[in-house]
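Q: Structure file data-v7.tsv (TSV, C-alpha atoms) right here:
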chain	number	residue	atom	x	y	z
Z	1	MET	CA	0.00	0.00	0.00
Z	2	ARG	CA	2.89	2.33	0.75
Z	3	ILE	CA	4.45	1.84	-2.66
Z	4	ASP	CA	1.09	1.97	-4.47
Z	5	GLY	CA	0.46	5.29	-2.73
Z	6	GLY	CA	3.80	6.68	-3.87
Z	7	LEU	CA	5.07	6.99	-0.30
Z	8	THR	CA	8.59	6.46	0.98
Z	9	GLN	CA	9.60	4.44	4.00
Z	10	LYS	CA	10.83	7.68	5.53
Z	11	GLN	CA	7.37	9.28	5.20
Z	12	ILE	CA	5.61	6.34	6.85
Z	13	ALA	CA	8.29	6.08	9.53
Z	14	LYS	CA	7.66	9.73	10.38
Z	15	LEU	CA	3.91	9.05	10.64
Z	16	LEU	CA	4.64	6.17	13.02
Z	17	ASN	CA	7.28	8.10	14.97
Z	18	VAL	CA	9.95	5.46	14.31
Z	19	SER	CA	13.21	5.56	12.39
Z	20	GLN	CA	13.30	4.70	8.71
Z	21	ASN	CA	15.49	1.72	9.60
Z	22	THR	CA	12.89	0.42	12.06
Z	23	TYR	CA	10.14	0.75	9.48
Z	24	SER	CA	12.30	-1.02	6.92
Z	25	GLN	CA	12.71	-3.90	9.39
Z	26	TYR	CA	8.92	-4.09	9.74
Z	27	GLU	CA	8.49	-4.33	5.97
Z	28	ILE	CA	11.09	-7.02	5.41
Z	29	GLY	CA	9.98	-9.06	8.40
Z	30	ILE	CA	12.99	-8.70	10.70
Z	31	THR	CA	10.87	-6.98	13.33
Z	32	ARG	CA	7.16	-7.55	13.92
Z	33	TYR	CA	4.79	-4.65	13.68
Z	34	PRO	CA	3.57	-3.63	17.16
Z	35	LEU	CA	-0.22	-3.55	17.48
Z	36	ASP	CA	-0.33	0.24	17.84
Z	37	VAL	CA	1.57	0.57	14.56
Z	38	VAL	CA	-0.88	-1.76	12.78
Z	39	VAL	CA	-3.82	0.27	14.08
Z	40	THR	CA	-2.18	3.54	13.01
Z	41	LEU	CA	-1.50	2.16	9.53
Z	42	ALA	CA	-5.07	0.87	9.19
Z	43	GLN	CA	-6.41	4.29	10.14
Z	44	TYR	CA	-3.97	6.06	7.80
Z	45	TYR	CA	-4.83	3.87	4.81
Z	46	HIS	CA	-8.55	3.71	5.71
Z	47	VAL	CA	-8.59	-0.09	5.78
Z	48	SER	CA	-9.33	-2.69	8.42
Z	49	VAL	CA	-6.63	-4.25	10.57
Z	50	ASP	CA	-7.84	-7.62	9.25
Z	51	TYR	CA	-6.98	-6.46	5.73
Z	52	LEU	CA	-3.48	-5.36	6.75
Z	53	VAL	CA	-2.72	-8.70	8.39
Z	54	GLY	CA	-4.15	-10.75	5.52
Z	55	LEU	CA	-7.28	-12.13	7.19
Z	56	THR	CA	-9.63	-10.64	4.57
Z	57	ASP	CA	-9.59	-9.19	1.09
Z	58	GLU	CA	-12.22	-6.65	2.16
Z	59	THR	CA	-10.53	-3.29	2.63
Z	60	THR	CA	-13.46	-1.44	4.22
Z	61	PRO	CA	-12.91	-0.86	7.95
Z	62	TYR	CA	-15.60	-1.97	10.34
Z	63	PRO	CA	-17.98	0.77	11.51
Z	64	ARG	CA	-17.38	1.98	15.04
Z	65	LYS	CA	-19.89	0.85	17.63
Z	66	ARG	CA	-21.85	3.65	19.20
Z	67	GLN	CA	-21.49	4.09	22.93
Z	68	ALA	CA	-24.65	3.33	24.87
Z	69	LYS	CA	-26.01	6.35	26.69
Z	70	PRO	CA	-26.17	5.88	30.47
Starting from the file, lay out its structure as structure tokens.

A:
Amino acid sequence: MRIDGGLTQKQIAKLLNVSQNTYSQYEIGITRYPLDVVVTLAQYYHVSVDYLVGLTDETTPYPRKRQAKP
């Protein structure tokens, strides 16, 4: 998605507040993506976390549940 969007590793690393080297390690599989990073990427790309981790081909994020009023 990063490449398709014309983005550099440095740009996404800045979004995630990590070094470009750390982000590179995520992409090539040396280091696992922390959950907060996965959530941030899903929000940034407007896709579901399930899509990012390969559990679905459906890109549309799930709608947020409304909070019940007390």

Q: Name the closest residue to Tyr45 of chain Z among the candidates Z:Lys65, Z:Tyr26, Z:Arg32, Z:Asp4; distances are taken between atoms, counting only C-alpha atoms.

A: Z:Asp4

Q: Residues within 8 Å of Gln9 of chain Z, please, as a PyMOL selection string. Count only C-alpha atoms; anything in the same chain fewer than 6 positions from it doesn't count.

A: chain Z and resi 2+20+23-24

Q: For Val53 of chain Z, which residue out of Z:Leu7, Z:Val38, Z:Leu16, Z:Ile28 is the nearest one, using all atoms listed in the file?

A: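 Looking only at the distances to Val53 of chain Z, the closest residue turns out to be Z:Val38.
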
Q: Can you tell me which residues surround Tyr62 of chain Z at a distance of at most 7 Å, considering all atoms listed in the file, apart from same-chain residues fewer than 2 positions away, and format the answer as a list in words?

A: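 Counting only the stated atoms, we get Ser48, Thr60 and Arg64 of chain Z.
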
Q: Please identify all polymer residues within 12 Å of Met1 of chain Z, counting all atoms listed in the file, omitting same-chain residues fewer than 5 positions from it, and present them as a ChimeraX atom specification.

A: /Z:6-9,12,27,41-42,44-47,51-52,59

Q: Give me, please, the distance in Å between atom CA of Tyr33 of chain Z and atom CA of Val49 of chain Z, quoted to one decimal.

A: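 About the pair atom CA of Tyr33 of chain Z and atom CA of Val49 of chain Z: they are 11.8 Å apart.
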
Q: When you count only C-alpha atoms, which of these residues is closest to Lys10 of chain Z: Z:Thr22, Z:Thr40, Z:Thr56, Z:Thr31?

A: Z:Thr22

Q: Give me, please, the distance in Å between atom CA of Gln67 of chain Z and atom CA of Gly54 of chain Z, quoted to one decimal.

A: 28.7 Å

Q: Would you fill out segment 7-33 of chain Z with N, CA and C atoms and return it as a PDB file, in the coordinates of the input?

A:
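The result, stored in selection_7.pdb:
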ATOM      1  N   LEU Z   7       4.472   6.508  -1.550  1.00  0.00           N
ATOM      2  CA  LEU Z   7       5.070   6.990  -0.300  1.00  0.00           C
ATOM      3  C   LEU Z   7       6.411   6.311  -0.054  1.00  0.00           C
ATOM      4  N   THR Z   8       7.290   7.023   0.620  1.00  0.00           N
ATOM      5  CA  THR Z   8       8.590   6.460   0.980  1.00  0.00           C
ATOM      6  C   THR Z   8       8.527   5.840   2.370  1.00  0.00           C
ATOM      7  N   GLN Z   9       9.491   4.987   2.646  1.00  0.00           N
ATOM      8  CA  GLN Z   9       9.600   4.440   4.000  1.00  0.00           C
ATOM      9  C   GLN Z   9       9.806   5.563   5.000  1.00  0.00           C
ATOM     10  N   LYS Z  10      10.567   6.556   4.627  1.00  0.00           N
ATOM     11  CA  LYS Z  10      10.830   7.680   5.530  1.00  0.00           C
ATOM     12  C   LYS Z  10       9.541   8.407   5.896  1.00  0.00           C
ATOM     13  N   GLN Z  11       8.639   8.587   4.932  1.00  0.00           N
ATOM     14  CA  GLN Z  11       7.370   9.280   5.200  1.00  0.00           C
ATOM     15  C   GLN Z  11       6.501   8.471   6.179  1.00  0.00           C
ATOM     16  N   ILE Z  12       6.421   7.172   5.964  1.00  0.00           N
ATOM     17  CA  ILE Z  12       5.610   6.340   6.850  1.00  0.00           C
ATOM     18  C   ILE Z  12       6.273   6.222   8.218  1.00  0.00           C
ATOM     19  N   ALA Z  13       7.584   6.125   8.251  1.00  0.00           N
ATOM     20  CA  ALA Z  13       8.290   6.080   9.530  1.00  0.00           C
ATOM     21  C   ALA Z  13       8.005   7.337  10.345  1.00  0.00           C
ATOM     22  N   LYS Z  14       7.966   8.484   9.682  1.00  0.00           N
ATOM     23  CA  LYS Z  14       7.660   9.730  10.380  1.00  0.00           C
ATOM     24  C   LYS Z  14       6.248   9.696  10.955  1.00  0.00           C
ATOM     25  N   LEU Z  15       5.293   9.190  10.169  1.00  0.00           N
ATOM     26  CA  LEU Z  15       3.910   9.050  10.640  1.00  0.00           C
ATOM     27  C   LEU Z  15       3.856   8.192  11.894  1.00  0.00           C
ATOM     28  N   LEU Z  16       4.650   7.130  11.919  1.00  0.00           N
ATOM     29  CA  LEU Z  16       4.640   6.170  13.020  1.00  0.00           C
ATOM     30  C   LEU Z  16       5.567   6.565  14.170  1.00  0.00           C
ATOM     31  N   ASN Z  17       6.329   7.631  13.962  1.00  0.00           N
ATOM     32  CA  ASN Z  17       7.280   8.100  14.970  1.00  0.00           C
ATOM     33  C   ASN Z  17       8.347   7.044  15.277  1.00  0.00           C
ATOM     34  N   VAL Z  18       8.847   6.415  14.199  1.00  0.00           N
ATOM     35  CA  VAL Z  18       9.950   5.460  14.310  1.00  0.00           C
ATOM     36  C   VAL Z  18      11.002   5.848  13.276  1.00  0.00           C
ATOM     37  N   SER Z  19      12.174   5.273  13.381  1.00  0.00           N
ATOM     38  CA  SER Z  19      13.210   5.560  12.390  1.00  0.00           C
ATOM     39  C   SER Z  19      12.898   4.854  11.075  1.00  0.00           C
ATOM     40  N   GLN Z  20      13.483   5.343  10.007  1.00  0.00           N
ATOM     41  CA  GLN Z  20      13.300   4.700   8.710  1.00  0.00           C
ATOM     42  C   GLN Z  20      13.826   3.278   8.752  1.00  0.00           C
ATOM     43  N   ASN Z  21      14.915   3.058   9.473  1.00  0.00           N
ATOM     44  CA  ASN Z  21      15.490   1.720   9.600  1.00  0.00           C
ATOM     45  C   ASN Z  21      14.521   0.770  10.302  1.00  0.00           C
ATOM     46  N   THR Z  22      13.876   1.242  11.351  1.00  0.00           N
ATOM     47  CA  THR Z  22      12.890   0.420  12.060  1.00  0.00           C
ATOM     48  C   THR Z  22      11.740   0.059  11.137  1.00  0.00           C
ATOM     49  N   TYR Z  23      11.238   1.043  10.401  1.00  0.00           N
ATOM     50  CA  TYR Z  23      10.140   0.750   9.480  1.00  0.00           C
ATOM     51  C   TYR Z  23      10.572  -0.232   8.403  1.00  0.00           C
ATOM     52  N   SER Z  24      11.771  -0.086   7.907  1.00  0.00           N
ATOM     53  CA  SER Z  24      12.300  -1.020   6.920  1.00  0.00           C
ATOM     54  C   SER Z  24      12.316  -2.447   7.482  1.00  0.00           C
ATOM     55  N   GLN Z  25      12.696  -2.578   8.746  1.00  0.00           N
ATOM     56  CA  GLN Z  25      12.710  -3.900   9.390  1.00  0.00           C
ATOM     57  C   GLN Z  25      11.311  -4.469   9.520  1.00  0.00           C
ATOM     58  N   TYR Z  26      10.315  -3.620   9.732  1.00  0.00           N
ATOM     59  CA  TYR Z  26       8.920  -4.090   9.740  1.00  0.00           C
ATOM     60  C   TYR Z  26       8.572  -4.679   8.371  1.00  0.00           C
ATOM     61  N   GLU Z  27       8.876  -3.923   7.324  1.00  0.00           N
ATOM     62  CA  GLU Z  27       8.490  -4.330   5.970  1.00  0.00           C
ATOM     63  C   GLU Z  27       9.144  -5.641   5.532  1.00  0.00           C
ATOM     64  N   ILE Z  28      10.403  -5.818   5.880  1.00  0.00           N
ATOM     65  CA  ILE Z  28      11.090  -7.020   5.410  1.00  0.00           C
ATOM     66  C   ILE Z  28      10.975  -8.190   6.382  1.00  0.00           C
ATOM     67  N   GLY Z  29      10.285  -7.964   7.487  1.00  0.00           N
ATOM     68  CA  GLY Z  29       9.980  -9.060   8.400  1.00  0.00           C
ATOM     69  C   GLY Z  29      11.017  -9.366   9.457  1.00  0.00           C
ATOM     70  N   ILE Z  30      11.996  -8.500   9.637  1.00  0.00           N
ATOM     71  CA  ILE Z  30      12.990  -8.700  10.700  1.00  0.00           C
ATOM     72  C   ILE Z  30      12.365  -8.423  12.060  1.00  0.00           C
ATOM     73  N   THR Z  31      11.551  -7.385  12.103  1.00  0.00           N
ATOM     74  CA  THR Z  31      10.870  -6.980  13.330  1.00  0.00           C
ATOM     75  C   THR Z  31       9.375  -7.027  13.082  1.00  0.00           C
ATOM     76  N   ARG Z  32       8.625  -7.515  14.053  1.00  0.00           N
ATOM     77  CA  ARG Z  32       7.160  -7.550  13.920  1.00  0.00           C
ATOM     78  C   ARG Z  32       6.567  -6.179  14.185  1.00  0.00           C
ATOM     79  N   TYR Z  33       5.504  -5.891  13.468  1.00  0.00           N
ATOM     80  CA  TYR Z  33       4.790  -4.650  13.680  1.00  0.00           C
ATOM     81  C   TYR Z  33       4.112  -4.691  15.056  1.00  0.00           C
TER      82      TYR Z  33
END
